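Peer 1: Just so it is clear, I am handing over data24.cif, which has mmCIF, N, CA and C atoms.
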```cif
data_entry
#
loop_
_atom_site.label_atom_id
_atom_site.label_comp_id
_atom_site.auth_asym_id
_atom_site.auth_seq_id
_atom_site.Cartn_x
_atom_site.Cartn_y
_atom_site.Cartn_z
N MET A 903 140.07 58.81 117.52
CA MET A 903 138.92 59.05 118.37
C MET A 903 139.34 59.79 119.64
N LYS A 904 140.48 59.36 120.23
CA LYS A 904 140.97 60.02 121.43
C LYS A 904 141.32 61.48 121.14
N LYS A 905 141.80 61.72 119.94
CA LYS A 905 142.17 63.08 119.55
C LYS A 905 140.93 63.97 119.49
N ILE A 906 139.83 63.45 118.96
CA ILE A 906 138.58 64.22 118.87
C ILE A 906 138.04 64.51 120.26
N ILE A 907 138.07 63.54 121.14
CA ILE A 907 137.59 63.73 122.52
C ILE A 907 138.46 64.76 123.23
N LYS A 908 139.76 64.68 122.99
CA LYS A 908 140.68 65.63 123.61
C LYS A 908 140.40 67.04 123.11
N ILE A 909 140.17 67.21 121.82
CA ILE A 909 139.86 68.53 121.24
C ILE A 909 138.54 69.05 121.78
N MET A 910 137.53 68.19 121.86
CA MET A 910 136.22 68.60 122.38
C MET A 910 136.34 69.00 123.85
N PHE A 911 137.12 68.24 124.62
CA PHE A 911 137.32 68.56 126.03
C PHE A 911 137.99 69.92 126.18
N LEU A 912 139.05 70.16 125.42
CA LEU A 912 139.75 71.43 125.49
C LEU A 912 138.85 72.59 125.03
N ALA A 913 138.07 72.36 124.00
CA ALA A 913 137.16 73.40 123.51
C ALA A 913 136.10 73.73 124.56
N SER A 914 135.54 72.71 125.22
CA SER A 914 134.53 72.98 126.24
C SER A 914 135.14 73.68 127.45
N CYS A 915 136.35 73.30 127.83
CA CYS A 915 137.04 73.99 128.94
C CYS A 915 137.28 75.45 128.59
N GLY A 916 137.73 75.68 127.37
CA GLY A 916 137.96 77.05 126.90
C GLY A 916 136.68 77.86 126.93
N PHE A 917 135.58 77.25 126.52
CA PHE A 917 134.29 77.93 126.53
C PHE A 917 133.91 78.35 127.96
N PHE A 918 134.05 77.44 128.91
CA PHE A 918 133.69 77.77 130.29
C PHE A 918 134.62 78.81 130.90
N ILE A 919 135.87 78.76 130.54
CA ILE A 919 136.82 79.75 131.05
C ILE A 919 136.45 81.14 130.51
N LEU A 920 136.21 81.21 129.21
CA LEU A 920 135.84 82.49 128.61
C LEU A 920 134.49 82.98 129.12
N ALA A 921 133.57 82.10 129.29
CA ALA A 921 132.26 82.49 129.82
C ALA A 921 132.40 83.01 131.24
N GLY A 922 133.25 82.38 132.01
CA GLY A 922 133.50 82.84 133.38
C GLY A 922 134.12 84.22 133.41
N CYS A 923 135.01 84.50 132.48
CA CYS A 923 135.63 85.83 132.41
C CYS A 923 134.59 86.89 132.09
N GLU A 924 133.69 86.59 131.23
CA GLU A 924 132.62 87.55 130.87
C GLU A 924 131.72 87.82 132.06
N LEU A 925 131.37 86.79 132.80
CA LEU A 925 130.50 86.96 133.96
C LEU A 925 131.19 87.77 135.06
N ALA A 926 132.50 87.66 135.16
CA ALA A 926 133.23 88.38 136.20
C ALA A 926 133.17 89.89 135.98
N ASN A 927 133.05 90.33 134.74
CA ASN A 927 132.99 91.76 134.45
C ASN A 927 131.62 92.36 134.77
N ASN A 928 130.58 91.61 134.66
CA ASN A 928 129.24 92.14 134.91
C ASN A 928 129.03 92.65 136.32
N PRO A 929 129.45 91.93 137.37
CA PRO A 929 129.24 92.46 138.72
C PRO A 929 129.93 93.80 138.94
N VAL A 930 131.10 93.98 138.34
CA VAL A 930 131.81 95.25 138.49
C VAL A 930 131.02 96.36 137.81
N ALA A 931 130.53 96.11 136.62
CA ALA A 931 129.74 97.12 135.91
C ALA A 931 128.45 97.40 136.67
N ASN A 932 127.81 96.36 137.18
CA ASN A 932 126.58 96.56 137.94
C ASN A 932 126.85 97.34 139.22
N PHE A 933 127.95 97.06 139.88
CA PHE A 933 128.31 97.77 141.10
C PHE A 933 128.57 99.24 140.81
N ALA A 934 129.25 99.52 139.70
CA ALA A 934 129.52 100.92 139.33
C ALA A 934 128.20 101.65 139.06
N ASP A 935 127.27 101.00 138.37
CA ASP A 935 125.96 101.61 138.12
C ASP A 935 125.22 101.83 139.43
N TYR A 936 125.33 100.89 140.34
CA TYR A 936 124.67 100.99 141.65
C TYR A 936 125.22 102.18 142.43
N VAL A 937 126.55 102.29 142.48
CA VAL A 937 127.18 103.39 143.22
C VAL A 937 126.83 104.73 142.59
N THR A 938 126.87 104.79 141.27
CA THR A 938 126.53 106.03 140.57
C THR A 938 125.09 106.43 140.87
N GLY A 939 124.19 105.47 140.86
CA GLY A 939 122.79 105.76 141.18
C GLY A 939 122.62 106.25 142.60
N LYS A 940 123.32 105.63 143.55
CA LYS A 940 123.25 106.05 144.95
C LYS A 940 123.77 107.48 145.10
N VAL A 941 124.85 107.81 144.42
CA VAL A 941 125.41 109.16 144.50
C VAL A 941 124.42 110.16 143.93
N GLN A 942 123.80 109.84 142.81
CA GLN A 942 122.84 110.75 142.21
C GLN A 942 121.63 110.96 143.12
N ILE A 943 121.18 109.92 143.78
CA ILE A 943 120.05 110.04 144.71
C ILE A 943 120.44 110.95 145.87
N GLU A 944 121.62 110.76 146.41
CA GLU A 944 122.09 111.59 147.53
C GLU A 944 122.25 113.05 147.10
N GLN A 945 122.75 113.27 145.89
CA GLN A 945 122.89 114.64 145.39
C GLN A 945 121.53 115.31 145.25
N LYS A 946 120.54 114.57 144.76
CA LYS A 946 119.19 115.14 144.63
C LYS A 946 118.59 115.46 145.99
N LEU A 947 118.79 114.57 146.96
CA LEU A 947 118.28 114.81 148.31
C LEU A 947 118.91 116.06 148.91
N GLN A 948 120.21 116.23 148.73
CA GLN A 948 120.89 117.42 149.25
C GLN A 948 120.39 118.68 148.54
N ALA A 949 120.19 118.62 147.23
CA ALA A 949 119.67 119.77 146.49
C ALA A 949 118.26 120.11 146.94
N ASP A 950 117.42 119.09 147.14
CA ASP A 950 116.05 119.32 147.62
C ASP A 950 116.07 119.92 149.02
N LYS A 951 116.95 119.43 149.88
CA LYS A 951 117.05 119.94 151.25
C LYS A 951 117.42 121.43 151.24
N THR A 952 118.38 121.78 150.41
CA THR A 952 118.80 123.18 150.31
C THR A 952 117.68 124.05 149.75
N LEU A 953 117.04 123.60 148.69
CA LEU A 953 115.95 124.36 148.07
C LEU A 953 114.79 124.54 149.04
N ALA A 954 114.39 123.48 149.71
CA ALA A 954 113.28 123.55 150.66
C ALA A 954 113.61 124.51 151.80
N THR A 955 114.83 124.48 152.28
CA THR A 955 115.24 125.37 153.38
C THR A 955 115.19 126.82 152.94
N VAL A 956 115.74 127.12 151.79
CA VAL A 956 115.75 128.50 151.28
C VAL A 956 114.31 129.00 151.07
N LYS A 957 113.48 128.17 150.45
CA LYS A 957 112.09 128.58 150.19
C LYS A 957 111.31 128.76 151.49
N CYS A 958 111.55 127.91 152.47
CA CYS A 958 110.87 128.01 153.76
C CYS A 958 111.26 129.31 154.47
N GLN A 959 112.54 129.61 154.47
CA GLN A 959 113.00 130.83 155.13
C GLN A 959 112.49 132.08 154.39
N GLU A 960 112.44 132.03 153.06
CA GLU A 960 111.89 133.16 152.29
C GLU A 960 110.41 133.35 152.60
N LEU A 961 109.67 132.25 152.66
CA LEU A 961 108.24 132.33 152.99
C LEU A 961 108.05 132.94 154.37
N CYS A 962 108.82 132.49 155.31
CA CYS A 962 108.74 133.00 156.67
C CYS A 962 109.02 134.51 156.70
N GLN A 963 110.07 134.94 156.02
CA GLN A 963 110.41 136.37 155.97
C GLN A 963 109.28 137.18 155.33
N ASN A 964 108.69 136.65 154.26
CA ASN A 964 107.58 137.34 153.60
C ASN A 964 106.38 137.48 154.52
N ILE A 965 106.08 136.42 155.26
CA ILE A 965 104.94 136.46 156.18
C ILE A 965 105.21 137.45 157.32
N LEU A 966 106.40 137.42 157.85
CA LEU A 966 106.75 138.35 158.94
C LEU A 966 106.68 139.80 158.47
N SER A 967 107.15 140.08 157.27
CA SER A 967 107.18 141.46 156.80
C SER A 967 105.83 141.94 156.28
N SER A 968 104.97 141.04 155.83
CA SER A 968 103.69 141.49 155.26
C SER A 968 102.55 141.51 156.27
N ASP A 969 102.23 140.40 156.89
CA ASP A 969 101.07 140.40 157.78
C ASP A 969 101.41 140.13 159.23
N GLY A 970 102.68 139.89 159.52
CA GLY A 970 103.10 139.73 160.91
C GLY A 970 102.38 138.62 161.65
N GLU A 971 102.15 137.47 161.00
CA GLU A 971 101.49 136.34 161.65
C GLU A 971 102.20 135.98 162.94
N ASN A 972 101.45 135.56 163.93
CA ASN A 972 102.01 135.19 165.22
C ASN A 972 102.76 133.87 165.09
N MET A 973 104.07 133.95 165.13
CA MET A 973 104.89 132.75 164.99
C MET A 973 105.12 132.08 166.34
N ALA A 974 104.65 132.67 167.41
CA ALA A 974 104.89 132.13 168.75
C ALA A 974 104.25 130.76 168.96
N VAL A 975 103.16 130.47 168.25
CA VAL A 975 102.50 129.17 168.43
C VAL A 975 103.11 128.08 167.55
N GLY A 976 104.01 128.46 166.67
CA GLY A 976 104.67 127.44 165.84
C GLY A 976 103.77 126.86 164.77
N PRO A 977 103.21 127.70 163.89
CA PRO A 977 102.30 127.17 162.87
C PRO A 977 103.03 126.45 161.73
N CYS A 978 102.27 125.65 161.02
CA CYS A 978 102.77 125.07 159.77
C CYS A 978 102.68 126.18 158.73
N LEU A 979 103.77 126.50 158.09
CA LEU A 979 103.74 127.57 157.09
C LEU A 979 103.34 127.07 155.71
N ASN A 980 103.73 125.83 155.38
CA ASN A 980 103.40 125.31 154.06
C ASN A 980 103.48 123.79 154.09
N ASN A 981 102.41 123.14 153.62
CA ASN A 981 102.35 121.68 153.60
C ASN A 981 103.12 121.06 152.44
N GLU A 982 103.58 121.90 151.50
CA GLU A 982 104.39 121.38 150.39
C GLU A 982 105.23 122.53 149.84
N ILE A 983 106.29 122.85 150.58
CA ILE A 983 107.17 123.93 150.15
C ILE A 983 107.85 123.55 148.83
N ILE A 984 108.21 122.28 148.70
CA ILE A 984 108.56 121.63 147.43
C ILE A 984 107.99 120.22 147.58
N PRO A 985 107.88 119.46 146.49
CA PRO A 985 107.31 118.12 146.63
C PRO A 985 108.01 117.28 147.71
N ASP A 986 107.20 116.71 148.60
CA ASP A 986 107.62 115.82 149.67
C ASP A 986 108.27 116.54 150.86
N TRP A 987 108.20 117.87 150.92
CA TRP A 987 108.79 118.66 152.00
C TRP A 987 107.75 119.64 152.53
N VAL A 988 107.72 119.79 153.87
CA VAL A 988 106.86 120.80 154.51
C VAL A 988 107.74 121.84 155.20
N CYS A 989 107.12 122.97 155.51
CA CYS A 989 107.81 124.07 156.19
C CYS A 989 107.06 124.36 157.48
N ASP A 990 107.72 124.19 158.62
CA ASP A 990 107.06 124.31 159.93
C ASP A 990 107.86 125.22 160.85
N VAL A 991 107.14 125.97 161.67
CA VAL A 991 107.75 126.83 162.68
C VAL A 991 107.69 126.10 164.01
N ALA A 992 108.79 126.15 164.76
CA ALA A 992 108.85 125.51 166.07
C ALA A 992 109.72 126.36 166.98
N HIS A 993 109.79 125.95 168.22
CA HIS A 993 110.64 126.62 169.20
C HIS A 993 111.93 125.84 169.37
N SER A 994 112.95 126.56 169.78
CA SER A 994 114.22 125.91 170.06
C SER A 994 114.72 126.40 171.41
N PRO A 995 114.64 125.59 172.43
CA PRO A 995 114.22 124.18 172.47
C PRO A 995 112.70 124.04 172.32
N ARG A 996 112.29 122.84 171.97
CA ARG A 996 110.87 122.56 171.73
C ARG A 996 110.04 122.79 172.98
N THR A 997 108.79 123.21 172.75
CA THR A 997 107.83 123.41 173.83
C THR A 997 106.64 122.50 173.58
N PRO A 998 105.74 122.36 174.55
CA PRO A 998 104.54 121.53 174.34
C PRO A 998 103.71 121.99 173.13
N GLU A 999 103.71 123.28 172.82
CA GLU A 999 102.97 123.77 171.65
C GLU A 999 103.46 123.13 170.36
N ASP A 1000 104.75 122.83 170.29
CA ASP A 1000 105.32 122.24 169.08
C ASP A 1000 104.82 120.82 168.86
N ASN A 1001 104.40 120.15 169.92
CA ASN A 1001 103.91 118.78 169.81
C ASN A 1001 102.40 118.71 169.59
N ASP A 1002 101.73 119.87 169.60
CA ASP A 1002 100.29 119.92 169.36
C ASP A 1002 100.04 119.72 167.86
N PRO A 1003 99.28 118.70 167.48
CA PRO A 1003 99.04 118.42 166.06
C PRO A 1003 98.49 119.61 165.27
N LYS A 1004 97.72 120.50 165.90
CA LYS A 1004 97.18 121.63 165.14
C LYS A 1004 98.29 122.61 164.74
N ASN A 1005 99.45 122.53 165.38
CA ASN A 1005 100.57 123.40 165.04
C ASN A 1005 101.60 122.71 164.15
N GLN A 1006 101.29 121.51 163.72
CA GLN A 1006 102.20 120.75 162.88
C GLN A 1006 101.64 120.63 161.46
N CYS A 1007 102.50 120.42 160.52
CA CYS A 1007 102.07 120.27 159.13
C CYS A 1007 101.36 118.92 158.94
N SER A 1008 100.13 118.98 158.49
CA SER A 1008 99.33 117.76 158.36
C SER A 1008 99.91 116.79 157.33
N ASN A 1009 100.52 117.31 156.27
CA ASN A 1009 101.09 116.41 155.26
C ASN A 1009 102.20 115.54 155.85
N PHE A 1010 103.00 116.09 156.75
CA PHE A 1010 104.06 115.30 157.38
C PHE A 1010 103.45 114.33 158.39
N ARG A 1011 102.52 114.83 159.18
CA ARG A 1011 101.85 114.00 160.19
C ARG A 1011 101.14 112.81 159.55
N ASP A 1012 100.51 113.05 158.37
CA ASP A 1012 99.74 112.00 157.70
C ASP A 1012 100.58 111.14 156.75
N GLY A 1013 101.87 111.42 156.65
CA GLY A 1013 102.75 110.62 155.80
C GLY A 1013 102.70 110.99 154.33
N LYS A 1014 102.06 112.11 153.98
CA LYS A 1014 102.03 112.55 152.58
C LYS A 1014 103.35 113.23 152.19
N ALA A 1015 104.03 113.79 153.17
CA ALA A 1015 105.37 114.36 152.97
C ALA A 1015 106.31 113.62 153.91
N HIS A 1016 107.53 113.42 153.47
CA HIS A 1016 108.48 112.63 154.26
C HIS A 1016 109.65 113.45 154.80
N HIS A 1017 109.69 114.73 154.46
CA HIS A 1017 110.79 115.59 154.88
C HIS A 1017 110.23 116.91 155.39
N TYR A 1018 110.97 117.55 156.28
CA TYR A 1018 110.52 118.84 156.79
C TYR A 1018 111.68 119.79 157.00
N VAL A 1019 111.32 121.08 156.94
CA VAL A 1019 112.23 122.14 157.34
C VAL A 1019 111.57 122.77 158.56
N GLU A 1020 112.32 122.85 159.63
CA GLU A 1020 111.81 123.42 160.88
C GLU A 1020 112.61 124.69 161.15
N ILE A 1021 111.89 125.80 161.29
CA ILE A 1021 112.53 127.09 161.55
C ILE A 1021 111.93 127.69 162.81
N ASP A 1022 112.64 128.64 163.39
CA ASP A 1022 112.09 129.32 164.58
C ASP A 1022 111.27 130.53 164.14
N GLY A 1023 110.71 131.25 165.11
CA GLY A 1023 109.86 132.40 164.82
C GLY A 1023 110.56 133.56 164.15
N ASN A 1024 111.90 133.52 164.11
CA ASN A 1024 112.68 134.56 163.41
C ASN A 1024 113.22 134.04 162.08
N CYS A 1025 112.72 132.92 161.63
CA CYS A 1025 113.06 132.31 160.34
C CYS A 1025 114.45 131.69 160.30
N ASN A 1026 115.03 131.41 161.44
CA ASN A 1026 116.33 130.72 161.49
C ASN A 1026 116.11 129.22 161.46
N LEU A 1027 116.98 128.53 160.74
CA LEU A 1027 116.87 127.09 160.61
C LEU A 1027 117.12 126.40 161.95
N ILE A 1028 116.19 125.52 162.34
CA ILE A 1028 116.39 124.65 163.50
C ILE A 1028 116.89 123.29 163.01
N LYS A 1029 116.16 122.73 162.05
CA LYS A 1029 116.50 121.40 161.57
C LYS A 1029 115.84 121.18 160.21
N ASN A 1030 116.51 120.46 159.34
CA ASN A 1030 115.88 119.97 158.11
C ASN A 1030 116.20 118.50 157.98
N TYR A 1031 115.19 117.74 157.60
CA TYR A 1031 115.32 116.28 157.61
C TYR A 1031 114.59 115.70 156.41
#
```
Can you give me the file's structure in the form of structure tokens?

Peer 2:
Amino acid sequence: MKKIIKIMFLASCGFFILAGCELANNPVANFADYVTGKVQIEQKLQADKTLATVKCQELCQNILSSDGENMAVGPCLNNEIIPDWVCDVAHSPRTPEDNDPKNQCSNFRDGKAHHYVEIDGNCNLIKNY
């Protein structure tokens, strides 16, 4: 009888040891997936930032060369240059006109877009966020 209890005890200890080893591997795998996902998100954000900036500057150049819109007031050029990004003209350094809501992109002001590219009247990048 003691032999059976001893075998059952050893078997249950072995089970818990092996189960513990299996559980120890999962956090590492989950952490690797987490880090990989974070890196992919950051890479997409950087790619979107670059694309939005290039498209904003191209739009600005096209407007300047075609109809010569007055960039001195700092108009919003596009409320969605790419999804979730706006293209806005501002002064560097900022002036009171830049803080006037009519000169700002409504999608960013209203929270429909969460990122912006800000360029000056000569289509040079001021800031992208």

Peer 1: Would you please work out which residue, of A:Lys1004, A:Lys905, A:Arg1011, A:His993, is nearest to Gly1023 in chain A when using only N, CA and C atoms?

Peer 2: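 Ranking A:Lys1004, A:Lys905, A:Arg1011, A:His993 by distance to Gly1023 in chain A, first place goes to A:His993.
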
Peer 1: Just give me the gap between atom C of Leu947 in chain A and CA of Ile984 in chain A in Å, one decimal is fine.

Peer 2: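 Going from atom C of Leu947 in chain A over to CA of Ile984 in chain A covers 11.8 Å.
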
Peer 1: Could you list, as a PDB file with N, CA and C atoms, in the coordinates of the input, every residue within 7 Å of Cys989 in chain A, counting only N, CA and C atoms and ignoring same-chain residues fewer than 4 positions away?

Peer 2:
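Contents of part16.pdb, freshly written:
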```pdb
ATOM      1  N   CYS A 958     111.550 127.910 152.470  1.00  0.00           N
ATOM      2  CA  CYS A 958     110.870 128.010 153.760  1.00  0.00           C
ATOM      3  C   CYS A 958     111.260 129.310 154.470  1.00  0.00           C
ATOM      4  N   PRO A 977     103.210 127.700 163.890  1.00  0.00           N
ATOM      5  CA  PRO A 977     102.300 127.170 162.870  1.00  0.00           C
ATOM      6  C   PRO A 977     103.030 126.450 161.730  1.00  0.00           C
ATOM      7  N   CYS A 978     102.270 125.650 161.020  1.00  0.00           N
ATOM      8  CA  CYS A 978     102.770 125.070 159.770  1.00  0.00           C
ATOM      9  C   CYS A 978     102.680 126.180 158.730  1.00  0.00           C
ATOM     10  N   LEU A 979     103.770 126.500 158.090  1.00  0.00           N
ATOM     11  CA  LEU A 979     103.740 127.570 157.090  1.00  0.00           C
ATOM     12  C   LEU A 979     103.340 127.070 155.710  1.00  0.00           C
ATOM     13  N   ASN A 980     103.730 125.830 155.380  1.00  0.00           N
ATOM     14  CA  ASN A 980     103.400 125.310 154.060  1.00  0.00           C
ATOM     15  C   ASN A 980     103.480 123.790 154.090  1.00  0.00           C
ATOM     16  N   ASN A 981     102.410 123.140 153.620  1.00  0.00           N
ATOM     17  CA  ASN A 981     102.350 121.680 153.600  1.00  0.00           C
ATOM     18  C   ASN A 981     103.120 121.060 152.440  1.00  0.00           C
ATOM     19  N   GLU A 982     103.580 121.900 151.500  1.00  0.00           N
ATOM     20  CA  GLU A 982     104.390 121.380 150.390  1.00  0.00           C
ATOM     21  C   GLU A 982     105.230 122.530 149.840  1.00  0.00           C
ATOM     22  N   ILE A 983     106.290 122.850 150.580  1.00  0.00           N
ATOM     23  CA  ILE A 983     107.170 123.930 150.150  1.00  0.00           C
ATOM     24  C   ILE A 983     107.850 123.550 148.830  1.00  0.00           C
ATOM     25  N   ILE A 984     108.210 122.280 148.700  1.00  0.00           N
ATOM     26  CA  ILE A 984     108.560 121.630 147.430  1.00  0.00           C
ATOM     27  C   ILE A 984     107.990 120.220 147.580  1.00  0.00           C
ATOM     28  N   CYS A1007     102.500 120.420 160.520  1.00  0.00           N
ATOM     29  CA  CYS A1007     102.070 120.270 159.130  1.00  0.00           C
ATOM     30  C   CYS A1007     101.360 118.920 158.940  1.00  0.00           C
ATOM     31  N   HIS A1017     109.690 114.730 154.460  1.00  0.00           N
ATOM     32  CA  HIS A1017     110.790 115.590 154.880  1.00  0.00           C
ATOM     33  C   HIS A1017     110.230 116.910 155.390  1.00  0.00           C
ATOM     34  N   TYR A1018     110.970 117.550 156.280  1.00  0.00           N
ATOM     35  CA  TYR A1018     110.520 118.840 156.790  1.00  0.00           C
ATOM     36  C   TYR A1018     111.680 119.790 157.000  1.00  0.00           C
ATOM     37  N   VAL A1019     111.320 121.080 156.940  1.00  0.00           N
ATOM     38  CA  VAL A1019     112.230 122.140 157.340  1.00  0.00           C
ATOM     39  C   VAL A1019     111.570 122.770 158.560  1.00  0.00           C
ATOM     40  N   GLU A1020     112.320 122.850 159.630  1.00  0.00           N
ATOM     41  CA  GLU A1020     111.810 123.420 160.880  1.00  0.00           C
ATOM     42  C   GLU A1020     112.610 124.690 161.150  1.00  0.00           C
ATOM     43  N   ILE A1021     111.890 125.800 161.290  1.00  0.00           N
ATOM     44  CA  ILE A1021     112.530 127.090 161.550  1.00  0.00           C
ATOM     45  C   ILE A1021     111.930 127.690 162.810  1.00  0.00           C
TER      46      ILE A1021
END
```

Peer 1: Just how far from CA of Met973 in chain A is atom C of Gln948 in chain A, in Å to one decimal?

Peer 2: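 Atom-to-atom, atom C of Gln948 in chain A to CA of Met973 in chain A, that is 26.6 Å.
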
Peer 1: Rounded to one decimal in Å, what is the spacing between atom N of Cys962 in chain A and atom C of Asn1024 in chain A?

Peer 2: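 It comes out at 8.2 Å.
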
Peer 1: Evaluate the PyMOL selection byres ((chain A and resi 994-1000) around 8) against this structure - the residues, as a PyMOL selection string, please.

Peer 2: chain A and resi 974-977+991-993+1001-1006+1021-1023+1028

Peer 1: Name the residues of range 991-1030 of chain A that come out as strand (DSSP E) in a backbone DSSP run; write them as a ChimeraX atom specification.

Peer 2: /A:991,1017-1021,1027-1030

Peer 1: Here is a test: counting only C-alpha atoms, which residue of A:Asp969, A:Glu960, A:Ser1008, A:Gln942 is nearest to Trp987 in chain A?

Peer 2: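 Counting only C-alpha atoms, the residue closest to Trp987 in chain A is A:Ser1008.
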
Peer 1: Write out as a ChimeraX atom specification the set of residues from range 925-1026 of chain A that DSSP, computed on the backbone, places in helix (DSSP H, G or I).

Peer 2: /A:925-968,973-975,998-1001,1003-1005,1008-1011
